file start-v3.txt (compact mmCIF, C-alpha atoms and all ligand atoms)
# COMPACT_ATOMS: atom_id res chain seq x y z
CA MET Q 19 0.00 0.00 0.00
CA ARG Q 20 1.25 3.48 -0.86
CA LYS Q 21 2.48 5.27 2.23
CA GLN Q 22 1.16 8.69 3.18
CA ARG Q 23 3.48 11.60 2.46
CA GLU Q 24 4.35 12.18 6.14
CA THR Q 25 5.56 8.58 6.41
CA GLN Q 26 7.43 8.82 3.10
CA TYR Q 27 9.47 11.79 4.36
CA ILE Q 28 10.70 9.67 7.27
CA HIS Q 29 11.10 6.26 5.68
CA GLY Q 30 11.05 6.86 1.96
CA ARG Q 31 12.30 4.79 -0.94
CA GLY Q 32 15.42 2.74 -0.64
CA SER Q 33 16.98 1.07 2.32
CA THR Q 34 20.11 1.47 4.42
CA GLN Q 35 20.13 -2.25 5.34
CA ALA Q 36 23.29 -2.87 3.35
CA PHE Q 37 25.05 -0.30 5.52
CA TYR Q 38 25.01 -2.25 8.82
CA ARG Q 39 21.27 -1.47 9.18
CA SER Q 40 22.23 2.11 9.94
CA LEU Q 41 19.07 4.11 10.71
CA SER Q 42 20.46 7.25 9.12
CA MET Q 43 21.98 7.17 5.63
CA PRO Q 44 25.79 7.19 5.96
CA ILE Q 45 27.76 10.07 4.46
CA PHE Q 46 29.88 8.75 1.61
CA GLN Q 47 32.46 11.48 1.82
CA THR Q 48 34.49 10.30 -1.12
CA SER Q 49 35.36 11.90 -4.41
CA THR Q 50 35.85 8.68 -6.33
CA PHE Q 51 35.18 4.92 -6.28
CA SER Q 52 37.73 2.28 -7.20
CA PHE Q 53 37.06 -0.51 -9.70
CA ALA Q 54 37.93 -4.13 -8.98
CA THR Q 55 39.40 -4.46 -12.46
CA GLY Q 56 40.07 -2.27 -15.46
CA GLU Q 57 37.31 -4.13 -17.32
CA GLU Q 58 34.81 -3.28 -14.57
CA GLY Q 59 35.73 0.41 -14.89
CA ALA Q 60 35.33 0.21 -18.66
CA ARG Q 61 31.89 -1.42 -18.32
CA ARG Q 62 30.73 1.31 -15.94
CA PHE Q 63 31.91 4.04 -18.26
CA ALA Q 64 30.18 2.31 -21.16
CA GLY Q 65 26.95 2.18 -19.14
CA GLU Q 66 26.91 -1.64 -19.36
CA GLU Q 67 27.09 -2.07 -15.60
CA GLN Q 68 25.51 -0.14 -12.72
CA GLY Q 69 27.86 1.27 -10.09
CA TYR Q 70 29.53 4.40 -8.86
CA ILE Q 71 32.42 6.01 -10.71
CA TYR Q 72 33.07 9.51 -9.40
CA SER Q 73 31.01 11.72 -7.06
CA ARG Q 74 30.36 14.49 -9.59
CA LEU Q 75 28.42 11.84 -11.51
CA SER Q 76 26.70 10.14 -8.57
CA ASN Q 77 27.22 9.27 -4.94
CA PRO Q 78 25.16 6.99 -2.63
CA THR Q 79 24.28 9.71 -0.09
CA VAL Q 80 23.34 12.19 -2.81
CA GLN Q 81 21.36 9.50 -4.59
CA ALA Q 82 19.42 8.68 -1.41
CA LEU Q 83 18.38 12.33 -1.28
CA GLU Q 84 17.48 12.35 -4.97
CA ASP Q 85 15.23 9.31 -4.46
CA LYS Q 86 13.57 10.87 -1.45
CA ALA Q 87 12.99 14.22 -3.16
CA ALA Q 88 11.52 12.47 -6.22
CA GLU Q 89 9.14 10.49 -4.03
CA ALA Q 90 8.12 13.63 -2.13
CA GLU Q 91 7.22 15.37 -5.41
CA GLY Q 92 5.49 12.28 -6.80
CA GLY Q 93 8.03 12.17 -9.64
CA GLU Q 94 9.98 9.36 -11.22
CA LYS Q 95 13.48 10.62 -10.58
CA GLY Q 96 15.36 13.44 -8.85
CA LEU Q 97 18.73 15.09 -9.33
CA ALA Q 98 20.57 17.11 -6.69
CA PHE Q 99 22.58 20.25 -7.39
CA ALA Q 100 24.95 22.49 -5.49
CA SER Q 101 22.32 25.27 -5.31
CA GLY Q 102 18.83 26.15 -6.44
CA MET Q 103 20.34 28.34 -9.16
CA SER Q 104 22.46 25.45 -10.33
CA ALA Q 105 19.28 23.35 -10.69
CA ALA Q 106 17.50 26.19 -12.52
CA SER Q 107 20.39 26.84 -14.90
CA ALA Q 108 20.87 23.13 -15.64
CA VAL Q 109 17.18 22.64 -16.41
CA LEU Q 110 16.84 25.79 -18.53
CA THR Q 111 19.97 25.12 -20.55
CA SER Q 112 18.88 21.52 -21.10
CA LEU Q 113 15.50 22.61 -22.50
CA THR Q 114 16.68 25.37 -24.82
CA LYS Q 115 19.05 26.05 -27.66
CA ALA Q 116 20.07 29.29 -29.34
CA GLY Q 117 17.02 30.99 -30.84
CA ASP Q 118 14.46 29.44 -28.47
CA HIS Q 119 12.04 31.36 -26.27
CA ILE Q 120 11.07 30.91 -22.60
CA LEU Q 121 7.73 32.20 -21.31
CA CYS Q 122 8.04 33.08 -17.68
CA SER Q 123 5.65 34.01 -14.86
CA ASN Q 124 5.53 37.73 -14.25
CA GLY Q 125 7.63 37.65 -11.12
CA ILE Q 126 10.63 35.48 -10.40
CA TYR Q 127 13.57 35.34 -8.04
CA GLY Q 128 16.18 38.00 -8.90
CA CYS Q 129 18.95 35.54 -9.84
CA THR Q 130 16.58 33.56 -12.09
CA TYR Q 131 15.96 36.88 -13.83
CA GLY Q 132 19.75 37.29 -14.08
CA LEU Q 133 20.01 33.81 -15.60
CA LEU Q 134 17.36 34.63 -18.22
CA ARG Q 135 19.24 37.81 -19.13
CA LEU Q 136 22.46 35.87 -19.45
CA LEU Q 137 20.85 33.25 -21.69
CA GLN Q 138 19.46 36.05 -23.85
CA GLU Q 139 22.68 38.05 -24.11
CA LYS Q 140 25.03 35.14 -24.72
CA TYR Q 141 22.91 32.58 -26.54
CA ASN Q 142 19.94 34.50 -28.00
CA ILE Q 143 17.49 32.48 -25.90
CA THR Q 144 14.81 35.11 -25.43
CA HIS Q 145 12.11 35.38 -22.79
CA ASP Q 146 8.88 37.18 -22.02
CA PHE Q 147 6.85 37.55 -18.87
CA SER Q 148 3.16 36.82 -18.55
CA ASP Q 149 0.70 37.16 -15.66
CA MET Q 150 -0.69 33.79 -16.81
CA ARG Q 151 -4.08 34.59 -15.30
CA SER Q 152 -6.01 32.89 -18.13
CA ILE Q 153 -5.53 30.50 -21.03
CA GLU Q 154 -5.85 33.45 -23.41
CA GLU Q 155 -3.17 35.40 -21.58
CA ILE Q 156 -0.70 32.53 -21.84
CA ALA Q 157 -1.69 31.68 -25.43
CA GLU Q 158 -1.07 35.20 -26.71
CA ASN Q 159 2.50 35.13 -25.35
CA ILE Q 160 3.42 31.74 -26.78
CA LYS Q 161 5.64 32.02 -29.86
CA PRO Q 162 6.51 29.40 -32.47
CA ASN Q 163 9.95 29.06 -30.81
CA THR Q 164 8.67 28.81 -27.19
CA THR Q 165 10.07 25.59 -25.72
CA CYS Q 166 9.56 26.19 -22.03
CA LEU Q 167 7.11 27.71 -19.57
CA PHE Q 168 8.91 28.69 -16.39
CA ILE Q 169 6.57 29.28 -13.47
CA GLU Q 170 7.08 30.39 -9.91
CA THR Q 171 3.95 30.03 -7.79
CA PRO Q 172 3.34 31.53 -5.30
CA ILE Q 173 5.42 34.25 -6.93
CA ASN Q 174 8.23 35.75 -4.91
CA PRO Q 175 7.48 38.22 -3.32
CA THR Q 176 4.00 39.25 -4.55
CA MET Q 177 2.53 35.85 -3.71
CA ARG Q 178 0.40 35.81 -6.86
CA VAL Q 179 -0.68 32.28 -7.73
CA ILE Q 180 -0.80 30.66 -11.17
CA ASP Q 181 -3.22 27.85 -12.00
CA LEU Q 182 -0.81 25.02 -12.77
CA GLU Q 183 -3.39 22.67 -14.26
CA MET Q 184 -4.51 25.33 -16.73
CA ALA Q 185 -0.95 26.33 -17.67
CA ALA Q 186 0.19 22.71 -18.18
CA ALA Q 187 -2.83 21.77 -20.29
CA LEU Q 188 -2.28 24.70 -22.64
CA ALA Q 189 1.50 24.27 -22.82
CA HIS Q 190 1.16 20.62 -23.79
CA GLN Q 191 -1.12 21.51 -26.71
CA HIS Q 192 1.90 23.43 -28.02
CA ASN Q 193 4.52 20.81 -27.10
CA ILE Q 194 6.01 23.11 -24.47
CA THR Q 195 7.70 21.79 -21.31
CA VAL Q 196 6.44 23.24 -18.03
CA VAL Q 197 8.99 23.88 -15.28
CA VAL Q 198 7.81 24.95 -11.82
CA ASP Q 199 9.98 26.43 -9.12
CA ASN Q 200 8.24 24.90 -6.08
CA THR Q 201 10.58 26.42 -3.50
CA PHE Q 202 7.92 28.53 -1.75
CA SER Q 203 5.43 25.71 -1.22
CA SER Q 204 7.56 22.62 -0.77
CA PRO Q 205 6.08 19.32 -1.96
CA TYR Q 206 4.11 19.07 1.27
CA LEU Q 207 1.89 21.98 0.24
CA GLN Q 208 1.93 21.67 -3.56
CA GLN Q 209 2.87 18.96 -6.05
CA PRO Q 210 3.11 20.54 -9.52
CA LEU Q 211 3.63 17.19 -11.28
CA SER Q 212 0.20 16.07 -10.08
CA PHE Q 213 -1.28 18.99 -12.07
CA GLY Q 214 0.46 17.89 -15.26
CA CYS Q 215 3.63 20.00 -15.04
CA ASP Q 216 6.78 18.31 -16.30
CA ILE Q 217 9.69 19.34 -14.12
CA VAL Q 218 9.89 20.69 -10.58
CA ILE Q 219 12.90 22.53 -9.26
CA HIS Q 220 13.71 23.67 -5.74
CA SER Q 221 16.07 25.83 -3.90
CA ALA Q 222 16.56 23.01 -1.38
CA THR Q 223 18.28 25.65 0.72
CA LYS Q 224 14.79 26.65 1.91
CA TYR Q 225 11.97 24.45 3.26
CA LEU Q 226 13.36 21.09 2.11
CA ASN Q 227 16.30 21.58 4.44
CA GLY Q 228 14.64 23.95 6.90
CA HIS Q 229 17.60 24.67 9.14
CA GLY Q 230 19.50 27.42 7.34
CA ASP Q 231 22.74 25.46 7.04
CA VAL Q 232 22.83 24.17 3.44
CA ILE Q 233 22.83 25.64 -0.07
CA GLY Q 234 21.33 23.09 -2.43
CA GLY Q 235 19.04 22.48 -5.38
CA ILE Q 236 16.81 19.69 -6.67
CA ALA Q 237 15.19 18.88 -10.00
CA VAL Q 238 12.50 16.20 -10.31
CA GLY Q 239 10.89 14.86 -13.46
CA ARG Q 240 10.47 11.87 -15.75
CA GLN Q 241 13.20 9.25 -15.60
CA ASP Q 242 14.33 9.65 -19.22
CA TYR Q 243 14.65 13.43 -18.85
CA ILE Q 244 16.50 13.29 -15.51
CA ASN Q 245 18.85 10.56 -16.79
CA GLU Q 246 19.71 12.76 -19.73
CA LEU Q 247 20.22 15.80 -17.49
CA ALA Q 248 22.53 13.77 -15.23
CA ALA Q 249 24.52 12.41 -18.15
CA THR Q 250 24.95 15.76 -19.89
CA VAL Q 251 24.51 19.15 -18.22
CA ARG Q 252 25.16 18.12 -14.64
CA LYS Q 253 28.04 15.83 -15.51
CA ASP Q 254 29.76 18.25 -17.85
CA MET Q 255 28.95 21.60 -16.25
CA GLY Q 256 29.30 20.28 -12.71
CA GLY Q 257 27.20 21.82 -9.98
CA THR Q 258 26.68 18.52 -8.18
CA MET Q 259 25.63 18.50 -4.54
CA ALA Q 260 28.20 17.48 -1.90
CA PRO Q 261 27.52 14.29 0.15
CA PHE Q 262 27.48 16.09 3.49
CA ASP Q 263 24.92 18.61 2.21
CA ALA Q 264 22.79 15.73 0.92
CA TRP Q 265 22.95 14.14 4.36
CA LEU Q 266 21.83 17.36 6.05
CA LEU Q 267 18.98 17.57 3.56
CA LEU Q 268 17.96 13.96 4.21
CA ARG Q 269 17.76 14.85 7.87
CA GLY Q 270 15.81 18.05 7.20
CA LEU Q 271 13.30 16.30 4.94
CA LYS Q 272 12.25 13.93 7.72
CA THR Q 273 10.49 16.80 9.51
CA LEU Q 274 9.15 18.67 6.48
CA HIS Q 275 5.48 18.10 7.33
CA VAL Q 276 5.85 19.04 11.00
CA ARG Q 277 7.77 22.20 10.14
CA MET Q 278 5.43 23.22 7.31
CA ASP Q 279 2.34 22.83 9.49
CA ARG Q 280 3.91 25.10 12.09
CA HIS Q 281 5.18 27.64 9.52
CA CYS Q 282 1.66 27.84 8.08
CA TYR Q 283 -0.08 28.09 11.46
CA ASN Q 284 2.25 30.89 12.58
CA ALA Q 285 1.80 32.69 9.25
CA GLU Q 286 -2.01 32.49 9.48
CA GLN Q 287 -1.94 34.06 12.95
CA LEU Q 288 0.42 36.82 11.85
CA VAL Q 289 -1.65 37.63 8.75
CA LYS Q 290 -4.66 38.31 11.01
CA GLN Q 291 -2.61 40.68 13.14
CA LEU Q 292 -0.89 42.44 10.25
CA LYS Q 293 -4.17 43.12 8.45
CA GLN Q 294 -5.39 45.13 11.43
CA HIS Q 295 -2.25 47.13 12.03
CA PRO Q 296 -2.49 50.87 11.22
CA HIS Q 297 1.02 50.99 9.68
CA VAL Q 298 0.36 48.11 7.28
CA GLU Q 299 -1.12 49.07 3.93
CA GLU Q 300 -1.57 45.62 2.40
CA VAL Q 301 -0.88 42.00 3.25
CA PHE Q 302 -0.15 39.35 0.59
CA TYR Q 303 -0.79 35.75 1.65
CA PRO Q 304 -2.02 33.22 -0.93
CA THR Q 305 -4.88 31.58 0.96
CA ASP Q 306 -6.18 34.69 2.72
CA SER Q 307 -9.66 35.75 1.60
CA SER Q 308 -8.30 39.19 0.62
CA HIS Q 309 -5.85 37.64 -1.86
CA PRO Q 310 -6.95 37.89 -5.52
CA ASP Q 311 -5.88 34.29 -6.22
CA HIS Q 312 -7.10 32.60 -3.05
CA THR Q 313 -9.45 30.23 -4.88
CA ILE Q 314 -6.63 28.91 -7.10
CA ALA Q 315 -4.38 28.69 -4.03
CA ALA Q 316 -7.05 26.65 -2.21
CA LYS Q 317 -7.34 24.35 -5.25
CA GLN Q 318 -3.65 23.53 -5.61
CA MET Q 319 -2.09 24.22 -2.21
CA LYS Q 320 -2.72 22.33 1.02
CA LYS Q 321 -2.10 25.54 3.02
CA GLY Q 322 -0.83 29.05 2.32
CA GLY Q 323 2.84 28.55 3.24
CA GLY Q 324 5.26 30.29 5.56
CA VAL Q 325 5.96 33.47 3.63
CA ILE Q 326 3.99 36.69 4.07
CA THR Q 327 4.68 39.86 2.14
CA PHE Q 328 3.32 43.13 3.48
CA LYS Q 329 3.47 46.74 2.48
CA ILE Q 330 4.39 49.30 5.07
CA LYS Q 331 2.54 52.61 4.71
CA GLY Q 332 5.03 55.19 3.50
CA HIS Q 333 8.26 54.73 1.59
CA LYS Q 334 11.34 52.55 1.41
CA GLU Q 335 12.81 54.40 4.41
CA ASP Q 336 9.83 53.39 6.56
CA ALA Q 337 10.29 49.74 5.64
CA MET Q 338 13.98 50.05 6.53
CA THR Q 339 13.19 51.77 9.86
CA MET Q 340 10.79 49.00 10.76
CA MET Q 341 13.34 46.29 9.93
CA ASN Q 342 16.12 48.10 11.79
CA HIS Q 343 14.17 48.01 15.06
CA LEU Q 344 13.53 44.27 15.05
CA ASN Q 345 15.25 42.16 17.69
CA LEU Q 346 14.03 38.56 17.45
CA VAL Q 347 13.36 38.67 13.71
CA LYS Q 348 16.59 38.72 11.73
CA ILE Q 349 17.18 40.81 8.62
CA ALA Q 350 18.34 38.18 6.13
CA VAL Q 351 17.50 36.84 2.69
CA SER Q 352 16.52 33.18 2.43
CA LEU Q 353 13.41 31.59 3.81
CA GLY Q 354 12.12 28.37 5.25
CA ASP Q 355 14.34 28.35 8.31
CA ALA Q 356 13.43 27.85 11.97
CA GLU Q 357 14.27 31.53 12.58
CA THR Q 358 11.90 34.23 11.33
CA LEU Q 359 13.67 36.28 8.65
CA ILE Q 360 12.72 39.55 7.02
CA GLN Q 361 14.08 41.23 3.90
CA HIS Q 362 13.34 44.12 1.56
CA PRO Q 363 12.88 42.64 -1.95
CA ALA Q 364 13.35 45.91 -3.88
CA THR Q 365 16.86 46.44 -2.48
CA MET Q 366 17.79 42.82 -1.75
CA THR Q 367 16.47 39.65 -3.50
CA HIS Q 368 15.03 41.58 -6.47
CA SER Q 369 17.55 44.43 -6.60
CA THR Q 370 19.18 43.11 -9.78
CA ILE Q 371 15.89 43.47 -11.67
CA PRO Q 372 15.62 46.98 -13.19
CA GLN Q 373 13.10 49.18 -11.34
CA ILE Q 374 10.74 49.41 -14.32
CA GLU Q 375 10.58 45.59 -14.54
CA ARG Q 376 10.23 45.29 -10.77
CA GLU Q 377 7.25 47.63 -10.82
CA ARG Q 378 5.66 45.63 -13.64
CA MET Q 379 6.08 42.54 -11.48
CA GLY Q 380 4.35 44.37 -8.62
CA VAL Q 381 7.45 44.61 -6.41
CA ASP Q 382 6.90 47.82 -4.48
CA ASP Q 383 9.55 49.73 -2.49
CA GLY Q 384 7.35 49.58 0.63
CA MET Q 385 7.15 45.78 0.60
CA VAL Q 386 8.91 43.58 3.11
CA ARG Q 387 8.96 39.80 2.90
CA LEU Q 388 8.66 37.83 6.09
CA SER Q 389 9.73 34.20 6.24
CA VAL Q 390 7.81 33.05 9.28
CA GLY Q 391 9.85 30.77 11.50
CA LEU Q 392 8.97 28.13 14.02
CA GLU Q 393 8.99 30.31 17.14
CA ALA Q 394 5.83 31.05 19.17
CA TRP Q 395 3.87 33.34 16.85
CA GLU Q 396 3.09 35.71 19.72
CA ASP Q 397 6.80 36.44 20.16
CA ILE Q 398 7.21 37.12 16.44
CA TRP Q 399 4.19 39.43 16.56
CA ASN Q 400 5.44 41.29 19.64
CA ASP Q 401 8.71 42.00 17.84
CA LEU Q 402 6.96 43.17 14.65
CA GLU Q 403 4.56 45.33 16.64
CA GLN Q 404 7.22 47.07 18.70
CA SER Q 405 9.24 47.79 15.54
CA MET Q 406 6.18 49.24 13.77
CA ASP Q 407 5.50 51.42 16.84
CA ARG Q 408 8.70 53.27 15.91
CA LEU Q 409 7.19 54.48 12.66
N1 LIG A 1 14.10 30.03 -6.45
C1 LIG A 1 13.56 30.78 -5.47
C2 LIG A 1 12.08 30.98 -5.45
C3 LIG A 1 14.38 31.35 -4.49
O1 LIG A 1 13.83 32.10 -3.53
C4 LIG A 1 15.78 31.14 -4.57
C5 LIG A 1 16.68 31.72 -3.58
O2 LIG A 1 16.30 32.55 -2.77
C6 LIG A 1 16.29 30.37 -5.61
C7 LIG A 1 15.43 29.82 -6.53
C8 LIG A 1 17.77 30.12 -5.74
O3 LIG A 1 18.18 29.16 -4.83
P1 LIG A 1 19.66 29.05 -4.21
O4 LIG A 1 19.88 30.29 -3.39
O5 LIG A 1 19.62 27.80 -3.42
O6 LIG A 1 20.59 28.98 -5.36
call {"tool": "encode", "arguments": {"input": "start-v3.txt", "output": "structure tokens"}}
result
Amino acid sequence: MRKQRETQYIHGRGSTQAFYRSLSMPIFQTSTFSFATGEEGARRFAGEEQGYIYSRLSNPTVQALEDKAAEAEGGEKGLAFASGMSAASAVLTSLTKAGDHILCSNGIYGCTYGLLRLLQEKYNITHDFSDMRSIEEIAENIKPNTTCLFIETPINPTMRVIDLEMAAALAHQHNITVVVDNTFSSPYLQQPLSFGCDIVIHSATKYLNGHGDVIGGIAVGRQDYINELAATVRKDMGGTMAPFDAWLLLRGLKTLHVRMDRHCYNAEQLVKQLKQHPHVEEVFYPTDSSHPDHTIAAKQMKKGGGVITFKIKGHKEDAMTMMNHLNLVKIAVSLGDAETLIQHPATMTHSTIPQIERERMGVDDGMVRLSVGLEAWEDIWNDLEQSMDRL
């Protein structure tokens, strides 16, 4: 019988029985693997025999994580990378060639924007942004050379939500591959493959790990695609995850459901408080009734997630003043950690996006993005409240 997702995170595919029945997956901290004979090495290189060769290609600890991540996303196979950006760049370069076009959600992480610019400038792989609010809106932005739809949902930091089922159905009519950056939701809250999307990527640095001590990335998709990605872009461009980081991630994943439930509960309580505060102009949280996309969010997400964006009344300086008076909440980029973190997208995570583009994406100078941690929500609120009292 298929195990429930909470049980999968703890037990998962595979077994450590061969390793002295070790409960935790051992860390294979080795760069290479020796062959019993020259012929064995030759067979492995020729792909005629399974087995490890060299840790940039594959490693047992990293592979255990890849299996677990694939299972969590409901996908056939996973591949681990040194960072979320390494996963994004590997997937996008694998799906495009010079002259192709990528259609992207109107709002993406700043470095993904940088990657798209780089692909355009160096390889003439162009891109456009679309709100993707309807089939018509996506259809009118699809070009004959569009090979990939790249979607972030909820979008960082506006928290707009895109209907994945709708986007995937339309893309497939045009033979377009749909890639979803599922970092903000984690597979516990949203499984894009179950809505027909083709590839999921993660900054595993965030909720998958959950403890703020690893930089990592994951891609999950069909076995044939992931095998090809492993044998080409990841092998030849590098960007493989280190065994110790994979081990930390295996440990983090065991508690994904417990952490996510608490992140979401804390966020829901804070949204209620923020909405009533006189210094807060607007609160953006996907499943809140005030959110324009809350019905889509309710359809495809189990809960609203641990990130809240809110707009401070006033200007950039007021947002900065508020952040500068926080004590418990730390000013830091990243999200999904036990500690509550706050950042100012316009001058931090999205600062590399030109202002005119940022405004089109809805990133306002008064916005701050709060990654709600696992503390008692009342303590987080007390800190936010006292800092807003300074305004
Ligand atoms: N995707 C999203 C939505 C992110 O927020 C980030 C990082 O903040 C990334 C991708 C990049 O991940 P990494 O920092 O692990 O390279």
call {"tool": "residues_around", "arguments": {"input": "start-v3.txt", "residues": "Ser52 in chain Q", "least_positions_apart": "6", "cutoff": "10 Å", "atoms": "all atoms listed in the file", "output": "list in words"}}
result
Glu58, Gly59, Tyr70, Ile71 and Tyr72 of chain Q
call {"tool": "residues_around", "arguments": {"input": "start-v3.txt", "residues": "Gln318 in chain Q", "least_positions_apart": "2", "cutoff": "10 Å", "atoms": "only C-alpha atoms", "output": "list in words"}}
result
Val179, Ile180, Asp181, Leu182, Glu183, Leu207, Gln208, Gln209, Pro210, Ser212, Phe213, Thr313, Ile314, Ala315, Ala316, Lys320 and Lys321 of chain Q
call {"tool": "residues_near_ligand", "arguments": {"input": "start-v3.txt", "ligand": "ligand LIG 1 (chain A)", "cutoff": "7 Å", "atoms": "only C-alpha atoms and all ligand atoms", "output": "PDB file with C-alpha atoms, in the coordinates of the input"}}
result
ATOM      1  CA  SER Q 101      22.320  25.270  -5.310  1.00  0.00           C
ATOM      2  CA  GLY Q 102      18.830  26.150  -6.440  1.00  0.00           C
ATOM      3  CA  MET Q 103      20.340  28.340  -9.160  1.00  0.00           C
ATOM      4  CA  SER Q 104      22.460  25.450 -10.330  1.00  0.00           C
ATOM      5  CA  ILE Q 126      10.630  35.480 -10.400  1.00  0.00           C
ATOM      6  CA  TYR Q 127      13.570  35.340  -8.040  1.00  0.00           C
ATOM      7  CA  CYS Q 129      18.950  35.540  -9.840  1.00  0.00           C
ATOM      8  CA  THR Q 130      16.580  33.560 -12.090  1.00  0.00           C
ATOM      9  CA  GLU Q 170       7.080  30.390  -9.910  1.00  0.00           C
ATOM     10  CA  ASN Q 174       8.230  35.750  -4.910  1.00  0.00           C
ATOM     11  CA  ASP Q 199       9.980  26.430  -9.120  1.00  0.00           C
ATOM     12  CA  THR Q 201      10.580  26.420  -3.500  1.00  0.00           C
ATOM     13  CA  PHE Q 202       7.920  28.530  -1.750  1.00  0.00           C
ATOM     14  CA  HIS Q 220      13.710  23.670  -5.740  1.00  0.00           C
ATOM     15  CA  SER Q 221      16.070  25.830  -3.900  1.00  0.00           C
ATOM     16  CA  ALA Q 222      16.560  23.010  -1.380  1.00  0.00           C
ATOM     17  CA  THR Q 223      18.280  25.650   0.720  1.00  0.00           C
ATOM     18  CA  ILE Q 233      22.830  25.640  -0.070  1.00  0.00           C
ATOM     19  CA  GLY Q 234      21.330  23.090  -2.430  1.00  0.00           C
ATOM     20  CA  GLY Q 235      19.040  22.480  -5.380  1.00  0.00           C
ATOM     21  CA  SER Q 352      16.520  33.180   2.430  1.00  0.00           C
TER      22      SER Q 352
END
call {"tool": "closest_residue", "arguments": {"input": "start-v3.txt", "among": "Q:Ile143, Q:Met177, Q:Ile330, Q:Cys122", "to": "His295 in chain Q", "atoms": "only C-alpha atoms"}}
result
Q:Ile330
call {"tool": "residues_around", "arguments": {"input": "start-v3.txt", "residues": "Asn159 in chain Q", "least_positions_apart": "5", "cutoff": "9 Å", "atoms": "all atoms listed in the file", "output": "PyMOL selection string"}}
result
chain Q and resi 121+146-148+154
